[in-house]
2 protein chains.
Amino acid sequence: MKLQARLDRVLPLVRQASELALSYFGKFQGHKKSDHTVVSEADELVERLLVQGLQRRFPGETIVGEEGGATGPLQGPIWSVDPIDGTSAYLARLPHWGVSVGLLVGGRPVLGVVDLPLLGETCLAVAGRGAWMQTDRWGRQAMRVSPWSEPDSESMFCVPSDFHRCHEVHFPGKLRSLGSTVAHVLLVARGDACAALMRVHLWDLAGCAAILTEAGGRLETLDGSPLDLLELLPGAPFLPDVLASSPTGLAEMRKRVWKRAQGS
Amino acid sequence: MKLQARLDRVLPLVRQASELALSYFGKFQGHKKSDHTVVSEADELVERLLVQGLQRRFPGETIVGEEGGATGPLQGPIWSVDPIDGTSAYLARLPHWGVSVGLLVGGRPVLGVVDLPLLGETCLAVAGRGAWMQTDRWGRQAMRVSPWSEPDSESMFCVPSDFHRCHEVHFPGKLRSLGSTVAHVLLVARGDACAALMRVHLWDLAGCAAILTEAGGRLETLDGSPLDLLELLPGAPFLPDVLASSPTGLAEMRKRVWKRAQGS
């Protein structure tokens, strides 16, 4: 099946999953143990909807989820779903969380759909056809990574919420932590952030890797190795330090970010 | 004029200002020098709308703005307006920015309206009558600061985007930097964040101080002094380190946050 035909089948499924996630959003206030149960329930229901929807649309193909592990062999086309990326943000009633589905073929991300329902933004990419966002506010726009320029006080670098414990950085601009890995990568892909640092599982990146790549960006580890998404298949540990940026940005940011000797 | 009657007059004005700010939002991509001119233009037009609207509704009363300084004597009721709090977030097409108006009487914040138009959230407070948010999604909800509990991995602390250069912190939870001082204070006021640290001018806090106070929160400087908003009147320097939290949270967070000896 052609990638565009796959995208046409996946997009309504992701939007349906977003609606389901939205129906649980904000049903809790503050930070209580019971809230985590609610979030887990939403996460599981949304994943089940995505996995069953993909199974119906693409019978026999492998699906890797956050909650449920893998169904099918770990070769051939591999779908990876992240039902709610940014569950802490979701729990805290912040807007940056999203539903994400990606397709890998031979380890290469070839299709990605990420929907951020509270922001009215859906980002899409198909290998060789570019990346674009469809928004309630601006309609359809191409996504392009910004060419590297020396960071200044307005430059944005997206970091995990525990960056202060794990890393140091020389950066004259703004560190932002919005609560969602996919949102951070998409901000790089659309040219608003110069880079993002994250710790990742396969499902965090499967959807946005194709979008970033098609927008002219790249992923690598903080030590400069290229990122092989197949190394993130179930059973593999997550990667603690992955950078997203333009090709030049990766090299430049690597010089500016380093691990702390110990947490503080 | 009673505070409730004042609120009824201010609320439609703030919503009108939000619409004007929205009409400029996203009219630029990436980070270019020319964009700052656009943002300044939006900032100035929104402030003019607010100042003129307040002058019409409350003739002769003092108005302090971000862009235009003060009109009127620095005593009696003092209005303070922040046309677009979070201009960097606005420029980067992030959702956390807002239009804010507050009223001080004798230095005490007695009325506040903050609208976050992209999030569909309007937060309001009148002294003695509580704080509440009106949202597209959840309707009307009371705002309450969360009672202090020992921070854990899910606790949220909102910090400025240059926190990494200026401060150190012992905090086991999530540092978030969303791009707007008022948004950070409102997250404390509604019980989703346990504390926020910020550098402030009067206009940053005038609108959200009444909301935070009515929600059971408090502001003080990082060295433990109570905050006198009148010290922030035009001509005064901004305050670099102001904490917002519950009364217990202020004391607890003061032990956990300190200034770096020097920027890095």
# chains A, B, ... in the order shown; residues from 1 in each chain; ligands from 1
>>> interface_residues(of="chain A", to="chain B", cutoff="6 Å", atoms="only C-alpha atoms", output="ChimeraX atom specification")
/A:30,92,161-162,174-178,191-192
>>> calpha_fit_and_write(fixed="chain A", moving="chain B", output="compact mmCIF listing (two decimals) with C-alpha atoms, in the first residue's frame")
# COMPACT_ATOMS: atom_id res chain seq x y z
CA MET B 1 -0.03 0.02 -0.02
CA LYS B 2 1.31 3.45 -0.90
CA LEU B 3 2.31 5.71 1.95
CA GLN B 4 -0.19 8.40 1.03
CA ALA B 5 -3.02 5.84 1.13
CA ARG B 6 -1.77 4.70 4.52
CA LEU B 7 -1.75 8.29 5.76
CA ASP B 8 -5.33 8.78 4.56
CA ARG B 9 -6.36 5.79 6.66
CA VAL B 10 -4.36 6.72 9.74
CA LEU B 11 -5.31 10.38 10.05
CA PRO B 12 -9.00 9.89 10.96
CA LEU B 13 -7.97 7.19 13.43
CA VAL B 14 -5.56 9.53 15.21
CA ARG B 15 -8.18 12.27 15.34
CA GLN B 16 -10.66 9.80 16.83
CA ALA B 17 -8.06 8.82 19.45
CA SER B 18 -7.52 12.50 20.26
CA GLU B 19 -11.22 12.97 20.86
CA LEU B 20 -11.17 10.04 23.27
CA ALA B 21 -8.16 11.48 25.11
CA LEU B 22 -9.87 14.87 25.27
CA SER B 23 -12.96 13.34 26.84
CA TYR B 24 -10.82 12.45 29.89
CA PHE B 25 -8.86 15.69 29.99
CA GLY B 26 -9.31 17.93 33.02
CA LYS B 27 -11.44 15.44 34.92
CA PHE B 28 -9.16 15.89 37.89
CA GLN B 29 -7.53 18.79 39.68
CA GLY B 30 -4.21 19.08 41.40
CA HIS B 31 -1.92 16.19 41.89
CA LYS B 32 -3.27 13.18 43.67
CA LYS B 33 -2.45 9.55 43.47
CA SER B 34 -5.91 8.68 42.19
CA ASP B 35 -5.37 10.97 39.22
CA HIS B 36 -2.64 8.69 37.95
CA THR B 37 -5.13 5.89 37.78
CA VAL B 38 -7.41 8.07 35.67
CA VAL B 39 -4.55 8.99 33.36
CA SER B 40 -3.51 5.36 33.03
CA GLU B 41 -7.06 4.45 32.17
CA ALA B 42 -7.21 7.13 29.48
CA ASP B 43 -3.79 6.04 28.17
CA GLU B 44 -4.87 2.42 27.94
CA LEU B 45 -8.20 3.13 26.27
CA VAL B 46 -6.63 5.43 23.69
CA GLU B 47 -3.91 2.90 22.94
CA ARG B 48 -6.47 0.12 22.54
CA LEU B 49 -8.42 2.25 20.09
CA LEU B 50 -5.27 2.96 18.08
CA VAL B 51 -3.99 -0.61 18.08
CA GLN B 52 -7.34 -2.10 17.11
CA GLY B 53 -7.83 0.56 14.44
CA LEU B 54 -4.41 -0.13 12.94
CA GLN B 55 -5.01 -3.90 13.05
CA ARG B 56 -8.24 -3.43 11.11
CA ARG B 57 -6.69 -1.13 8.55
CA PHE B 58 -3.37 -2.96 8.13
CA PRO B 59 -3.99 -6.59 9.02
CA GLY B 60 -0.94 -8.62 9.97
CA GLU B 61 1.41 -5.67 10.36
CA THR B 62 3.40 -5.19 13.55
CA ILE B 63 2.27 -2.66 16.12
CA VAL B 64 4.41 -1.47 19.03
CA GLY B 65 2.65 0.43 21.79
CA GLU B 66 3.61 2.19 24.98
CA GLU B 67 1.17 0.32 27.15
CA GLY B 68 0.91 -3.04 25.49
CA GLY B 69 4.27 -4.01 24.02
CA ALA B 70 4.42 -5.41 20.50
CA THR B 71 1.98 -7.44 18.42
CA GLY B 72 3.58 -9.15 15.44
CA PRO B 73 7.13 -9.80 14.31
CA LEU B 74 9.77 -7.08 14.77
CA GLN B 75 10.48 -6.81 11.05
CA GLY B 76 8.66 -5.56 7.98
CA PRO B 77 6.60 -2.39 8.46
CA ILE B 78 6.38 -1.50 12.14
CA TRP B 79 3.73 0.84 13.52
CA SER B 80 4.42 2.54 16.80
CA VAL B 81 1.77 4.34 18.81
CA ASP B 82 1.98 6.76 21.72
CA PRO B 83 -1.55 7.19 23.04
CA ILE B 84 -0.86 10.29 25.16
CA ASP B 85 2.62 11.75 24.89
CA GLY B 86 3.04 14.10 27.83
CA THR B 87 0.89 12.43 30.46
CA SER B 88 2.25 14.71 33.19
CA ALA B 89 1.24 17.76 31.19
CA TYR B 90 -2.14 16.12 30.56
CA LEU B 91 -2.51 15.51 34.29
CA ALA B 92 -1.55 19.11 35.10
CA ARG B 93 -4.09 20.43 32.58
CA LEU B 94 -1.42 21.86 30.32
CA PRO B 95 -2.02 21.98 26.56
CA HIS B 96 1.15 20.33 25.25
CA TRP B 97 0.30 16.66 24.93
CA GLY B 98 -0.55 14.67 21.88
CA VAL B 99 -1.51 11.44 20.20
CA SER B 100 1.19 10.05 17.94
CA VAL B 101 1.46 7.28 15.36
CA GLY B 102 4.49 6.49 13.20
CA LEU B 103 5.50 3.89 10.66
CA LEU B 104 9.02 2.52 10.31
CA VAL B 105 10.16 0.50 7.31
CA GLY B 106 13.62 -1.02 7.66
CA GLY B 107 14.13 1.23 10.69
CA ARG B 108 13.46 4.34 8.66
CA PRO B 109 10.57 6.58 9.75
CA VAL B 110 8.41 6.92 6.63
CA LEU B 111 5.12 8.21 7.94
CA GLY B 112 4.09 10.21 10.99
CA VAL B 113 0.90 11.72 12.37
CA VAL B 114 0.89 13.71 15.60
CA ASP B 115 -2.23 15.45 16.83
CA LEU B 116 -2.19 18.06 19.61
CA PRO B 117 -5.91 18.41 20.12
CA LEU B 118 -5.96 21.24 22.67
CA LEU B 119 -3.86 23.36 20.36
CA GLY B 120 -5.83 22.46 17.26
CA GLU B 121 -2.63 21.33 15.53
CA THR B 122 -2.11 18.18 13.52
CA CYS B 123 1.34 17.51 12.08
CA LEU B 124 1.91 15.02 9.29
CA ALA B 125 4.67 13.69 7.09
CA VAL B 126 5.19 11.10 4.41
CA ALA B 127 8.74 10.23 3.33
CA GLY B 128 9.69 12.18 0.24
CA ARG B 129 6.60 14.37 0.33
CA GLY B 130 7.43 16.86 3.07
CA ALA B 131 5.97 17.69 6.45
CA TRP B 132 3.10 19.99 7.15
CA MET B 133 0.81 21.10 9.92
CA GLN B 134 -2.93 21.55 9.69
CA THR B 135 -4.15 24.02 12.26
CA ASP B 136 -7.46 25.48 13.29
CA ARG B 137 -5.87 28.90 13.21
CA TRP B 138 -3.58 29.02 10.21
CA GLY B 139 -4.88 26.30 7.93
CA ARG B 140 -2.22 24.16 6.27
CA GLN B 141 1.44 25.15 6.51
CA ALA B 142 4.66 23.46 5.45
CA MET B 143 7.04 22.63 8.31
CA ARG B 144 10.70 23.58 7.89
CA VAL B 145 13.52 23.39 10.41
CA SER B 146 15.21 26.77 10.79
CA PRO B 147 18.72 26.98 9.36
CA TRP B 148 21.23 27.19 12.20
CA SER B 149 22.23 30.63 13.38
CA GLU B 150 24.17 31.54 16.50
CA PRO B 151 21.68 31.42 19.41
CA ASP B 152 20.72 34.75 20.95
CA SER B 153 18.47 35.76 23.81
CA GLU B 154 15.31 34.85 21.86
CA SER B 155 16.46 31.39 20.74
CA MET B 156 14.50 28.47 22.17
CA PHE B 157 15.90 25.13 23.36
CA CYS B 158 13.34 22.56 24.54
CA VAL B 159 14.44 20.36 27.42
CA PRO B 160 13.03 17.67 29.71
CA SER B 161 11.55 18.79 33.01
CA ASP B 162 14.46 17.27 34.96
CA PHE B 163 17.13 18.92 32.82
CA HIS B 164 18.29 20.87 35.89
CA ARG B 165 19.17 17.63 37.67
CA CYS B 166 20.93 15.90 34.80
CA HIS B 167 22.56 18.48 32.53
CA GLU B 168 24.41 21.74 32.23
CA VAL B 169 24.22 24.00 29.22
CA HIS B 170 25.83 27.08 27.73
CA PHE B 171 22.92 28.71 25.98
CA PRO B 172 22.12 32.42 25.84
CA GLY B 173 18.45 31.92 24.96
CA LYS B 174 15.33 30.45 26.48
CA LEU B 175 15.01 26.96 27.89
CA ARG B 176 11.45 25.74 27.57
CA SER B 177 9.94 22.65 29.11
CA LEU B 178 6.37 22.27 27.95
CA GLY B 179 5.74 18.70 29.01
CA SER B 180 5.73 16.66 25.83
CA THR B 181 8.54 15.14 23.77
CA VAL B 182 6.54 15.18 20.56
CA ALA B 183 5.60 18.84 21.07
CA HIS B 184 9.28 19.70 21.54
CA VAL B 185 10.34 17.87 18.39
CA LEU B 186 7.53 19.50 16.43
CA LEU B 187 8.66 22.95 17.57
CA VAL B 188 12.06 22.17 16.06
CA ALA B 189 10.43 20.78 12.90
CA ARG B 190 8.36 23.90 12.39
CA GLY B 191 11.33 26.22 12.92
CA ASP B 192 10.31 27.81 16.22
CA ALA B 193 12.87 26.03 18.45
CA CYS B 194 16.51 25.63 17.47
CA ALA B 195 16.89 22.26 19.22
CA ALA B 196 15.31 19.81 21.64
CA LEU B 197 16.89 17.35 24.06
CA MET B 198 14.96 14.34 25.31
CA ARG B 199 14.99 10.83 26.64
CA VAL B 200 13.08 8.54 24.38
CA HIS B 201 11.36 5.27 23.86
CA LEU B 202 10.43 4.19 20.35
CA TRP B 203 6.84 5.40 20.71
CA ASP B 204 7.96 8.93 21.64
CA LEU B 205 9.80 9.36 18.36
CA ALA B 206 8.10 7.09 15.83
CA GLY B 207 5.49 9.69 14.87
CA CYS B 208 7.59 12.81 14.98
CA ALA B 209 10.81 11.38 13.50
CA ALA B 210 9.34 11.28 9.99
CA ILE B 211 8.00 14.81 10.47
CA LEU B 212 11.35 16.14 11.69
CA THR B 213 13.26 14.39 8.89
CA GLU B 214 10.93 15.65 6.18
CA ALA B 215 11.20 19.15 7.64
CA GLY B 216 14.97 19.02 7.20
CA GLY B 217 15.94 18.06 10.72
CA ARG B 218 17.80 15.16 12.22
CA LEU B 219 18.07 13.14 15.42
CA GLU B 220 21.23 11.92 17.08
CA THR B 221 22.44 11.00 20.53
CA LEU B 222 24.23 13.57 22.66
CA ASP B 223 27.55 11.83 22.04
CA GLY B 224 27.12 12.33 18.31
CA SER B 225 26.02 8.86 17.22
CA PRO B 226 23.26 8.68 14.65
CA LEU B 227 20.02 7.35 16.09
CA ASP B 228 18.85 3.92 15.00
CA LEU B 229 15.17 3.68 15.87
CA LEU B 230 15.30 -0.11 15.66
CA GLU B 231 17.56 -0.05 18.71
CA LEU B 232 14.53 1.23 20.58
CA LEU B 233 12.37 -1.81 19.84
CA PRO B 234 10.69 -3.47 22.84
CA GLY B 235 13.12 -4.90 25.30
CA ALA B 236 15.70 -2.21 24.56
CA PRO B 237 16.33 0.45 27.19
CA PHE B 238 15.21 3.97 26.44
CA LEU B 239 17.85 6.43 25.27
CA PRO B 240 18.49 9.15 27.83
CA ASP B 241 19.94 11.89 25.62
CA VAL B 242 18.67 12.40 22.11
CA LEU B 243 19.01 15.72 20.30
CA ALA B 244 16.74 17.02 17.56
CA SER B 245 17.92 19.95 15.45
CA SER B 246 19.15 20.92 12.02
CA PRO B 247 22.26 18.99 10.92
CA THR B 248 24.45 21.98 11.83
CA GLY B 249 22.47 22.56 15.02
CA LEU B 250 23.23 19.05 16.26
CA ALA B 251 26.97 19.64 16.09
CA GLU B 252 26.67 23.10 17.65
CA MET B 253 24.37 22.04 20.49
CA ARG B 254 26.57 19.03 21.32
CA LYS B 255 29.32 21.48 22.26
CA ARG B 256 26.95 23.37 24.56
CA VAL B 257 25.20 20.61 26.51
CA TRP B 258 26.81 18.16 28.88
CA LYS B 259 25.81 15.71 31.58
CA ARG B 260 26.22 16.70 35.17
CA ALA B 261 28.66 14.59 37.09
CA GLN B 262 25.83 13.73 39.46
CA GLY B 263 22.25 14.74 40.08
CA SER B 264 21.69 17.60 42.50
>>> select_by_dssp(residues="stretch 21-247 of chain A", states="alpha helix (DSSP H)", output="JSON, numbers by chain")
{"A": [21, 22, 23, 24, 33, 34, 35, 36, 37, 38, 39, 40, 41, 42, 43, 44, 45, 46, 47, 48, 49, 50, 51, 52, 53, 54, 55, 56, 57, 87, 88, 89, 90, 91, 163, 164, 165, 166, 181, 182, 183, 184, 185, 186, 187, 188, 189, 202, 203, 204, 205, 206, 207, 208, 209, 210, 211, 212, 213, 214, 247]}
>>> select_by_dssp(residues="stretch 28-260 of chain A", states="strand (DSSP E or B)", output="ChimeraX atom specification")
/A:62-65,69-71,78-85,98-105,108-116,121-126,130-135,139-142,156-158,167-169,174-177,195-200,218-221,226,239-245,257-259
